[in-house]
Every structure is written in structure tokens, then in C-alpha cells.
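Let me begin by presenting the structure, written as C-alpha cells, before commenting on it.
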Amino acid sequence: MSARIEPPARALAAPVSPATGPGTAEVRSAAKVRIPAAKRDKKPARRADAQLKIQLAGRPATRRNGARNQPEGRFWRILCLCEIANFATLRRHLGRPRADALVRDVAERITDIIPDLRVSAAGRALVEIAFERDKPESAAADIDRLRKAFLRPINLEGERYQFQMQFGVAAAPSSESDDVRLAEAAESALEQARLDGRVVMLDLSRADLAFDKLTLMRELPRAIANGEMFLQYQPKVHVRRQEIASAEALIRWQHPVRGLILPGDFISVAEQAGEIGSLTLWTLRKVIADQRALAADGHDLPLFINISGILLADSAFVAEACEIITAAEGAKIGFEITETAVIRDPDSAIRHLQVFADIGVTLAIDDYGAGLSSLAYLKQLPASELKIDKMFVMQLTSSNRDPLIVRSTIDLAHALEMEVTAEGVETPSALALLSVMGCDMVQGFLISRPLGFDAFHKFLCDEADELTGGSVQSSFIRPESFWKRA
């Protein structure tokens, strides 16, 4: 993966317009099914594995190199999260035991290049780097040295392997002593780096980067009214039919000053501020418009949106949503709801879900298994699809228990006359195993990342061309040699 870092004034996460958002930039690479970056946690783990932790001992915990000659209090604290983007691919070639030690190889190479960095493992594919410099420009130069170093293959037991690395960096002046804020900024930078395919560095001295809830609460109504929200779509593929069956709409906030804000930073804020209803209704109207546009071009597939559990008990929201859907005659819309959403107020939730089902809305149970799964509620829900949480799918080929859980869940759902979707499918081996188990649909980076509307439309057109261009096989079916090259 090519990454680049610009001078700090431009290296900060730059805004991405909704029209040419992150999804649009991915049109070329997403047109074919491929093995993309390795699994990505929404929130990288903050606790280092004790066995893999690599900490430089005997060094002072304050100023380093470029900061050593500066007066006390005049240096910058740097936190970088470095992720092995192609971890899943490397694990497939190396095997799980050797792959679990890859963070150690990465950490050793980092300390060989710049010895004064404090490096520790923060996950199976994630390394945390902490250091100090006299200015952000010096930190940017060091990170760029690391980026360039990882462009060269690493020798592992006599064979050379290419590591695809992503870097999310946060820089704070020494007067900024909030470690939690520094860590959150590094995580936000890594999220942006995954979307942009480049190094992202956030400067916490900029007041506009503080994602405090009160400010977001004040700005959210304006953002909805001013069109700062936009949608990305992630397709779901039907395993047996080898075709795109539907897609999930994912909302993003393109702030004019702060740049891209991900759902994890504003959905809970919207719920607390009482704006989740208006935000969901905006999403519903936009998805209906997009679904009609796709259908007019020959891609008449259902589009799903996520519904907050709070709204399932809101009679006014349910009535307005039903009015919007019935007015959009023929639009294929689906709702994804979580089990925990139903457990909050089961009577109201089940009653209102039945109302949605009665007007033709397809209902899917999202993140099944991640919460307190209740068979009592499951049998009452008028759902036609059950989505297995990605926590069970990502370890499917390397765990003893997860395959048993997934297989039993598939059998249970089929017994209840529901189709099953597996989330978080990232490897061909996982796809093959799910197919053998009888899973109906798959969703994940193996198929495609979330795409902006234009990119998603091109993705559908390209797949349609593959199927009608004289080839019997869909582009979802690849020979083994393809996956080895990917």
C-alpha cells in the first residue's frame, strides 16, 4: 500500500467532500473482488500483550533526540499507531503461530531504524510508538522514515515478505497532559489513514480537533441541515447465486473544519442530544433516493440502514418512517437492528418492528452473538435475515470454538426461516468454510470496503459487465493463484 506524508501543515487529516469522499477514491481498486487490508478493529486495543511488549529500558520518559536541547516544557509528545494492514494475508502464508509474532518483527525493525522510540504491541497487528520531538515536523520526518523502510520486504526465516503498513499519528505540545485525548486522536488518525491510504497526523494544538460531546451536540443539527452527512455502501454477496444481493448504508460526517468524523464519535452523541430521529430520517430519505437511482440503472437491490434501539420505542418516529417508505412506492428498503435494541423495551420494539414488516420493510438482526442473545426474543421478531457478528467470523479458520458457534447459528436461523449473513469476511478460506456451512450471504473487506455512492454504482456496473460479458463465472469466483497474488 502506498502511503505518503506531507509537510505538517498539509499532513493533518484534510476534509473530504461528500461528492468525492473516501469511497469515491476507491473506485479503481474496488471494482474487483480482492483480498484487501487485514482486519481492522473499530477501536484498537490499548492493552499491550506482556509477552510481545518491546519497551526500551534505561531511557528517560520525557524528551528525546530533537527535544533534548529544548527548554523544559517546550517539546511535543508523539503517539503513533502502526498497523499491519495485510495481516490476514501474511497469516494465511505463515500460519497462526508465526503470524502472532509479526508485531515483534515490526517493533524490532522500528527500533533498529530509530532507537530512541518506545515501542510496544497493542494488538496482534498493531504496534504503538511513543516519543518526543522539538516540533511536529521532526516527528513527521521520523514517521516518513519508517514508512519508507517498510516499503522494502522483510526477511522472515529465509523468505521475503512485503508488509503493508498504515500509520496514524497524534502530536500534542508538552502542556497537553491528557493521555486519553492523545490516544483517542491517534486512533482517529489511524481510522482516517485506513480510509485515505496514507499517513495521517493530527495536531492536538488545534482547538478544532477536540471532539468533545457538548460541541458535537451543538453542531449536529446544523450538520444535518447543511448536508455535511454522506453515505457509504458496503455490498453483501449471495454465496450460492454469486451475485450482489443487497448493501448496507453507513453514515459519515464530513465536518467543514474537523474533517471526517466516524459514526463511533457521533452516533451516541446524536442519541443523547435527541437528534438520532432526525438523523435516521435523513438517512432513510437519502437511501430511498439512492435505491431508486440504482434501480433506474438496472441495479434494483435492497439497501439497509441501521436503526437505533431508542427509536424502536418512539411511536412518532415509527409513524413518520412508515409515511416516508409508503410514499416511496416500490423502494426496496431494509432495517438492521441489534438484539440489545429489542431488549431495552421488547414489547414496543416487537410491535413496531411488525409495523415495519407489514409495509414491506425487510428486517435483519445485526451483530448476532455480540450481546445477550435471547432465543425468546429471536423467535418473536419478524426478521428475515440474521447477521453473525464479525467477532466470530474473523477467527473462523484459526479457532476451535468459533466454527461450532457459527455453524449452530446458521442451522438455528434456517430453522427459523431466516437467511444468514456473515460479517467481517476477509479471507478466501473463511468464505469457503462459510459456504460449506450453508451461510447464505457474506459481507466484508474480501468483497469490498464501504464505498461512496458513485464508487458503489461503478462497482455494481463492473460486476454486471463481468457476468454479461460472456464469462460463465462471476468475478467473485477466483482461482487459487489469484488469492496468492492478492
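Identifiers for the C-alpha cells are assigned positionally: chains receive A, B, ... in sequence, residues are indexed from 1 per chain, and ligands are indexed from 1 in the order shown.
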
Sort by chain and increasing residue number a table of all residues of stretch 220-331 of chain A within 12 Å of stretch 410-432 of chain A, each with its closest pair of atoms and their distance in Å to one decimal, counting only C-alpha atoms, and write it as JSON lines.
{"residue": "A:Gln234", "atom": "CA", "partner": "A:Glu423", "partner_atom": "CA", "distance": 10.7}
{"residue": "A:Pro235", "atom": "CA", "partner": "A:Glu423", "partner_atom": "CA", "distance": 10.8}
{"residue": "A:Lys236", "atom": "CA", "partner": "A:Thr421", "partner_atom": "CA", "distance": 8.0}
{"residue": "A:Val237", "atom": "CA", "partner": "A:Thr421", "partner_atom": "CA", "distance": 8.9}
{"residue": "A:His238", "atom": "CA", "partner": "A:Thr421", "partner_atom": "CA", "distance": 8.7}
{"residue": "A:Val239", "atom": "CA", "partner": "A:Leu431", "partner_atom": "CA", "distance": 8.5}
{"residue": "A:Arg240", "atom": "CA", "partner": "A:Ala432", "partner_atom": "CA", "distance": 11.4}
{"residue": "A:Gln242", "atom": "CA", "partner": "A:Leu431", "partner_atom": "CA", "distance": 11.9}
{"residue": "A:Ala245", "atom": "CA", "partner": "A:Thr421", "partner_atom": "CA", "distance": 10.7}
{"residue": "A:Ser246", "atom": "CA", "partner": "A:Thr421", "partner_atom": "CA", "distance": 10.8}
{"residue": "A:Ala247", "atom": "CA", "partner": "A:Thr421", "partner_atom": "CA", "distance": 11.4}
{"residue": "A:Glu248", "atom": "CA", "partner": "A:Glu423", "partner_atom": "CA", "distance": 11.1}

Can you pull out every residue from stretch 411-448 of chain A that DSSP, working from the backbone, puts in helix (DSSP H, G or I), and format the result as a list in words?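 Helix (DSSP H, G or I) assignments inside stretch 411-448 of chain A correspond to Asp411, Leu412, Ala413, His414, Ala415, Pro428, Ser429, Ala430, Leu431, Ala432, Leu433, Leu434, Ser435, Val436 and Met437 of chain A.
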
Same residues, C-alpha atoms, output as an mmCIF file, in the first residue's frame:
data_model
loop_
_atom_site.group_PDB
_atom_site.id
_atom_site.type_symbol
_atom_site.label_atom_id
_atom_site.label_comp_id
_atom_site.auth_asym_id
_atom_site.auth_seq_id
_atom_site.Cartn_x
_atom_site.Cartn_y
_atom_site.Cartn_z
ATOM 1 C CA ASP A 411 -28.713 -24.012 11.445
ATOM 2 C CA LEU A 412 -30.813 -22.167 14.032
ATOM 3 C CA ALA A 413 -31.551 -19.265 11.680
ATOM 4 C CA HIS A 414 -32.510 -21.593 8.855
ATOM 5 C CA ALA A 415 -34.842 -23.452 11.199
ATOM 6 C CA PRO A 428 -10.989 -16.798 0.869
ATOM 7 C CA SER A 429 -10.594 -19.584 3.429
ATOM 8 C CA ALA A 430 -13.283 -18.039 5.629
ATOM 9 C CA LEU A 431 -15.540 -17.627 2.600
ATOM 10 C CA ALA A 432 -15.011 -21.252 1.598
ATOM 11 C CA LEU A 433 -15.787 -22.533 5.097
ATOM 12 C CA LEU A 434 -18.924 -20.392 5.368
ATOM 13 C CA SER A 435 -20.090 -21.717 2.008
ATOM 14 C CA VAL A 436 -19.673 -25.298 3.217
ATOM 15 C CA MET A 437 -21.606 -24.441 6.381
#

How close does stretch 194-257 of chain A get to stretch 132-148 of chain A? List, as CSV, each residue of stretch 194-257 of chain A within 12 Å, its nearest atom pair and the distance in Å to one decimal, counting only C-alpha atoms.
residue,atom,partner,partner_atom,distance
A:Arg198,CA,A:Arg147,CA,9.7
A:Val199,CA,A:Asp144,CA,8.3
A:Val200,CA,A:Ala140,CA,9.6
A:Met201,CA,A:Ala140,CA,7.7
A:Leu202,CA,A:Pro136,CA,9.6
A:Asp203,CA,A:Pro136,CA,7.8
A:Leu204,CA,A:Pro136,CA,10.5
A:Ser205,CA,A:Pro136,CA,10.5

Please produce a file of the residues just selected, as a compact mmCIF listing (two decimals), in the first residue's frame, where the atoms kept are N, CA and C atoms.
# COMPACT_ATOMS: atom_id res chain seq x y z
N ARG A 198 -2.98 6.67 3.34
CA ARG A 198 -1.77 7.47 3.52
C ARG A 198 -1.54 7.68 5.00
N VAL A 199 -0.37 8.22 5.34
CA VAL A 199 -0.10 8.57 6.73
C VAL A 199 -0.96 9.77 7.10
N VAL A 200 -1.58 9.72 8.28
CA VAL A 200 -2.37 10.86 8.77
C VAL A 200 -1.81 11.28 10.13
N MET A 201 -1.58 12.58 10.28
CA MET A 201 -1.05 13.11 11.53
C MET A 201 -1.97 14.22 12.03
N LEU A 202 -2.41 14.11 13.27
CA LEU A 202 -3.29 15.10 13.88
C LEU A 202 -2.51 15.92 14.91
N ASP A 203 -2.67 17.23 14.82
CA ASP A 203 -2.00 18.16 15.73
C ASP A 203 -3.01 18.61 16.78
N LEU A 204 -2.83 18.15 18.02
CA LEU A 204 -3.81 18.46 19.07
C LEU A 204 -3.74 19.90 19.56
N SER A 205 -2.77 20.65 19.10
CA SER A 205 -2.74 22.07 19.47
C SER A 205 -3.82 22.84 18.74

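With only C-alpha atoms as the atoms that count, the minimum distance from A:Gln291 to the choices A:Arg351, A:Arg344, A:Arg160, A:His457 is reached by A:His457.
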
Can you measure atom CA of A:Gly95 to atom CA of A:Gly438 for me? One decimal in Å is fine. 25.8 Å

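Among the candidates A:Phe453, A:Pro403, A:Ala172, A:Cys322, the residue lying nearest to A:Asp290 is A:Phe453 (atoms considered: only C-alpha atoms).
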
Here is a test: counting only C-alpha atoms, which residue of A:Gly197, A:Pro450, A:Pro153, A:Pro256 is nearest to A:Met229? A:Pro256

Extract, using only C-alpha atoms, all DNA, RNA and protein residues at most 8 Å from A:Ile110, discarding same-chain residues fewer than 5 positions from it, and format them as number ranges by chain. A: 115, 117, 119, 146

Can you pull out the residues contacting A:Leu294? Cut-off 12 Å, using only C-alpha atoms, and skip same-chain residues under 3 positions away; I want them as a list in words. Ser246, Ala247, Val287, Ile288, Ala289, Asp290, Gln291, Asp297, Gly298, His299, Asp300, Leu301, Pro302, Leu303, Ala331, Lys332, Phe453, Asp454, Phe456, His457, Lys458, Phe459, Leu460 and Cys461 of chain A

Requested write-out: N, CA and C atoms of the selected residues, as a PDB file, in the first residue's frame:
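Below is the file again-v7.pdb, written as the result:
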ATOM      1  N   SER A 246     -27.564  -7.277  -1.772  1.00  0.00           N
ATOM      2  CA  SER A 246     -28.034  -6.058  -1.114  1.00  0.00           C
ATOM      3  C   SER A 246     -26.815  -5.279  -0.651  1.00  0.00           C
ATOM      4  N   ALA A 247     -27.051  -4.189   0.063  1.00  0.00           N
ATOM      5  CA  ALA A 247     -25.931  -3.399   0.592  1.00  0.00           C
ATOM      6  C   ALA A 247     -26.379  -2.699   1.868  1.00  0.00           C
ATOM      7  N   VAL A 287     -31.294   7.165   1.385  1.00  0.00           N
ATOM      8  CA  VAL A 287     -31.181   5.784   0.917  1.00  0.00           C
ATOM      9  C   VAL A 287     -32.278   5.472  -0.099  1.00  0.00           C
ATOM     10  N   ILE A 288     -33.479   5.957   0.130  1.00  0.00           N
ATOM     11  CA  ILE A 288     -34.567   5.738  -0.826  1.00  0.00           C
ATOM     12  C   ILE A 288     -34.225   6.378  -2.176  1.00  0.00           C
ATOM     13  N   ALA A 289     -33.685   7.603  -2.135  1.00  0.00           N
ATOM     14  CA  ALA A 289     -33.293   8.274  -3.381  1.00  0.00           C
ATOM     15  C   ALA A 289     -32.190   7.496  -4.094  1.00  0.00           C
ATOM     16  N   ASP A 290     -31.216   7.015  -3.341  1.00  0.00           N
ATOM     17  CA  ASP A 290     -30.120   6.257  -3.946  1.00  0.00           C
ATOM     18  C   ASP A 290     -30.619   4.919  -4.498  1.00  0.00           C
ATOM     19  N   GLN A 291     -31.538   4.282  -3.777  1.00  0.00           N
ATOM     20  CA  GLN A 291     -32.065   2.993  -4.240  1.00  0.00           C
ATOM     21  C   GLN A 291     -32.824   3.161  -5.558  1.00  0.00           C
ATOM     22  N   ASP A 297     -31.059   2.301 -13.122  1.00  0.00           N
ATOM     23  CA  ASP A 297     -29.915   1.908 -13.954  1.00  0.00           C
ATOM     24  C   ASP A 297     -29.738   0.393 -13.995  1.00  0.00           C
ATOM     25  N   GLY A 298     -30.761  -0.338 -13.542  1.00  0.00           N
ATOM     26  CA  GLY A 298     -30.727  -1.791 -13.638  1.00  0.00           C
ATOM     27  C   GLY A 298     -30.180  -2.520 -12.426  1.00  0.00           C
ATOM     28  N   HIS A 299     -29.964  -1.806 -11.327  1.00  0.00           N
ATOM     29  CA  HIS A 299     -29.428  -2.440 -10.112  1.00  0.00           C
ATOM     30  C   HIS A 299     -30.460  -2.317  -8.984  1.00  0.00           C
ATOM     31  N   ASP A 300     -31.531  -3.070  -9.127  1.00  0.00           N
ATOM     32  CA  ASP A 300     -32.650  -2.950  -8.185  1.00  0.00           C
ATOM     33  C   ASP A 300     -32.444  -3.883  -6.997  1.00  0.00           C
ATOM     34  N   LEU A 301     -31.599  -3.492  -6.070  1.00  0.00           N
ATOM     35  CA  LEU A 301     -31.315  -4.328  -4.908  1.00  0.00           C
ATOM     36  C   LEU A 301     -31.671  -3.583  -3.629  1.00  0.00           C
ATOM     37  N   PRO A 302     -32.020  -4.312  -2.558  1.00  0.00           N
ATOM     38  CA  PRO A 302     -32.383  -3.663  -1.288  1.00  0.00           C
ATOM     39  C   PRO A 302     -31.184  -2.969  -0.647  1.00  0.00           C
ATOM     40  N   LEU A 303     -31.458  -1.829  -0.030  1.00  0.00           N
ATOM     41  CA  LEU A 303     -30.455  -1.100   0.744  1.00  0.00           C
ATOM     42  C   LEU A 303     -30.907  -1.048   2.198  1.00  0.00           C
ATOM     43  N   ALA A 331     -39.823   1.195  -3.433  1.00  0.00           N
ATOM     44  CA  ALA A 331     -38.432   1.263  -2.962  1.00  0.00           C
ATOM     45  C   ALA A 331     -38.118   0.056  -2.079  1.00  0.00           C
ATOM     46  N   LYS A 332     -36.979  -0.574  -2.310  1.00  0.00           N
ATOM     47  CA  LYS A 332     -36.576  -1.751  -1.538  1.00  0.00           C
ATOM     48  C   LYS A 332     -35.670  -1.306  -0.393  1.00  0.00           C
ATOM     49  N   PHE A 453     -21.344   6.639  -3.003  1.00  0.00           N
ATOM     50  CA  PHE A 453     -22.396   6.209  -3.933  1.00  0.00           C
ATOM     51  C   PHE A 453     -21.860   6.017  -5.347  1.00  0.00           C
ATOM     52  N   ASP A 454     -21.079   6.955  -5.847  1.00  0.00           N
ATOM     53  CA  ASP A 454     -20.560   6.839  -7.215  1.00  0.00           C
ATOM     54  C   ASP A 454     -19.666   5.607  -7.361  1.00  0.00           C
ATOM     55  N   PHE A 456     -19.788   2.918  -5.477  1.00  0.00           N
ATOM     56  CA  PHE A 456     -20.633   1.733  -5.344  1.00  0.00           C
ATOM     57  C   PHE A 456     -21.368   1.455  -6.657  1.00  0.00           C
ATOM     58  N   HIS A 457     -21.849   2.503  -7.298  1.00  0.00           N
ATOM     59  CA  HIS A 457     -22.537   2.341  -8.580  1.00  0.00           C
ATOM     60  C   HIS A 457     -21.584   1.745  -9.618  1.00  0.00           C
ATOM     61  N   LYS A 458     -20.353   2.218  -9.664  1.00  0.00           N
ATOM     62  CA  LYS A 458     -19.375   1.674 -10.607  1.00  0.00           C
ATOM     63  C   LYS A 458     -19.047   0.212 -10.271  1.00  0.00           C
ATOM     64  N   PHE A 459     -18.970  -0.078  -8.975  1.00  0.00           N
ATOM     65  CA  PHE A 459     -18.727  -1.454  -8.537  1.00  0.00           C
ATOM     66  C   PHE A 459     -19.812  -2.381  -9.082  1.00  0.00           C
ATOM     67  N   LEU A 460     -21.078  -1.967  -8.972  1.00  0.00           N
ATOM     68  CA  LEU A 460     -22.191  -2.774  -9.483  1.00  0.00           C
ATOM     69  C   LEU A 460     -22.125  -2.924 -10.998  1.00  0.00           C
ATOM     70  N   CYS A 461     -21.794  -1.836 -11.680  1.00  0.00           N
ATOM     71  CA  CYS A 461     -21.713  -1.887 -13.145  1.00  0.00           C
ATOM     72  C   CYS A 461     -20.597  -2.815 -13.598  1.00  0.00           C
TER      73      CYS A 461
END

Distance criterion (only C-alpha atoms): nearest to A:Gly309 out of A:Ser174, A:Asn226, A:Thr283, A:Ser268: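 Residue with the minimum atom-to-atom distance to A:Gly309: A:Ser268.
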
Could you name the residues that touch stretch 186-188 of chain A at 9 Å or less, counting only C-alpha atoms, but leaving out those on the same chain fewer than 5 positions away, as an MDAnalysis selection string? chainID A and resid 42:44 79:81 168:171 181 193 201:202 261:262

Grab the atom CA of A:Asp100 to atom CA of A:Ala125 distance for me, in Å with one decimal place. 8.1 Å

Backbone DSSP call of strand (DSSP E) for stretch 176-382 of chain A, listed as a PyMOL selection string: chain A and resi 200-203+229-238+243-255+259-261+303-306+333-338+362-368

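Taking atom CA of A:Gly452 and atom CA of A:Leu231 as the two end points, the separation is 6.4 Å.
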
Neighbour list for stretch 365-369 of chain A as a VMD selection string, cut-off 12 Å, only C-alpha atoms, skip fewer than 4 positions in-chain: chain A and resid 248 304 to 309 334 to 342 353 373 to 375 377 to 393 402 405 to 406 408 to 410 412 to 413 418 to 424

I need the residues from that last selection saved to file as a JSON list (two decimals), in the first residue's frame (with C-alpha atoms), if you can.
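That gives us selection-v4.json:
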[["chain", "number", "residue", "atom", "x", "y", "z"],
["A", 248, "GLU", "CA", -25.67, -1.72, 3.98],
["A", 304, "PHE", "CA", -30.32, -1.47, 4.53],
["A", 305, "ILE", "CA", -29.95, 1.19, 7.20],
["A", 306, "ASN", "CA", -29.20, 0.79, 10.91],
["A", 307, "ILE", "CA", -31.93, 1.71, 13.38],
["A", 308, "SER", "CA", -31.10, 2.78, 16.93],
["A", 309, "GLY", "CA", -32.82, 0.91, 19.73],
["A", 334, "GLY", "CA", -34.33, -2.82, 4.89],
["A", 335, "PHE", "CA", -33.66, -2.07, 8.56],
["A", 336, "GLU", "CA", -30.87, -3.60, 10.63],
["A", 337, "ILE", "CA", -31.50, -3.77, 14.36],
["A", 338, "THR", "CA", -29.45, -5.24, 17.20],
["A", 339, "GLU", "CA", -30.65, -7.64, 19.87],
["A", 340, "THR", "CA", -29.85, -5.11, 22.60],
["A", 341, "ALA", "CA", -32.15, -2.64, 20.86],
["A", 342, "VAL", "CA", -35.04, -5.05, 21.37],
["A", 353, "LEU", "CA", -40.93, -3.96, 14.01],
["A", 373, "SER", "CA", -28.56, -13.42, 22.62],
["A", 374, "SER", "CA", -32.09, -14.36, 23.64],
["A", 375, "LEU", "CA", -33.96, -17.11, 21.85],
["A", 377, "TYR", "CA", -36.88, -12.57, 21.57],
["A", 378, "LEU", "CA", -35.41, -14.13, 18.45],
["A", 379, "LYS", "CA", -38.44, -16.29, 17.78],
["A", 380, "GLN", "CA", -40.78, -13.28, 18.19],
["A", 381, "LEU", "CA", -39.00, -10.92, 15.81],
["A", 382, "PRO", "CA", -40.46, -10.61, 12.29],
["A", 383, "ALA", "CA", -36.95, -10.70, 10.81],
["A", 384, "SER", "CA", -35.95, -12.49, 7.61],
["A", 385, "GLU", "CA", -32.17, -12.12, 7.96],
["A", 386, "LEU", "CA", -29.70, -12.76, 10.77],
["A", 387, "LYS", "CA", -26.18, -11.26, 10.64],
["A", 388, "ILE", "CA", -23.47, -13.12, 12.57],
["A", 389, "ASP", "CA", -21.16, -10.70, 14.34],
["A", 390, "LYS", "CA", -17.70, -10.39, 12.82],
["A", 391, "MET", "CA", -16.03, -11.35, 16.12],
["A", 392, "PHE", "CA", -16.94, -14.97, 15.31],
["A", 393, "VAL", "CA", -16.14, -14.77, 11.60],
["A", 402, "ASP", "CA", -15.97, -20.17, 16.54],
["A", 405, "ILE", "CA", -20.87, -21.33, 17.09],
["A", 406, "VAL", "CA", -21.22, -20.12, 13.51],
["A", 408, "SER", "CA", -25.06, -23.83, 15.00],
["A", 409, "THR", "CA", -26.21, -20.23, 14.45],
["A", 410, "ILE", "CA", -26.68, -20.88, 10.72],
["A", 412, "LEU", "CA", -30.81, -22.17, 14.03],
["A", 413, "ALA", "CA", -31.55, -19.26, 11.68],
["A", 418, "MET", "CA", -34.15, -16.67, 8.15],
["A", 419, "GLU", "CA", -31.24, -16.16, 5.78],
["A", 420, "VAL", "CA", -27.81, -15.74, 7.34],
["A", 421, "THR", "CA", -25.19, -13.09, 6.59],
["A", 422, "ALA", "CA", -21.63, -13.39, 7.91],
["A", 423, "GLU", "CA", -19.98, -10.04, 8.65],
["A", 424, "GLY", "CA", -16.25, -9.41, 8.62]]
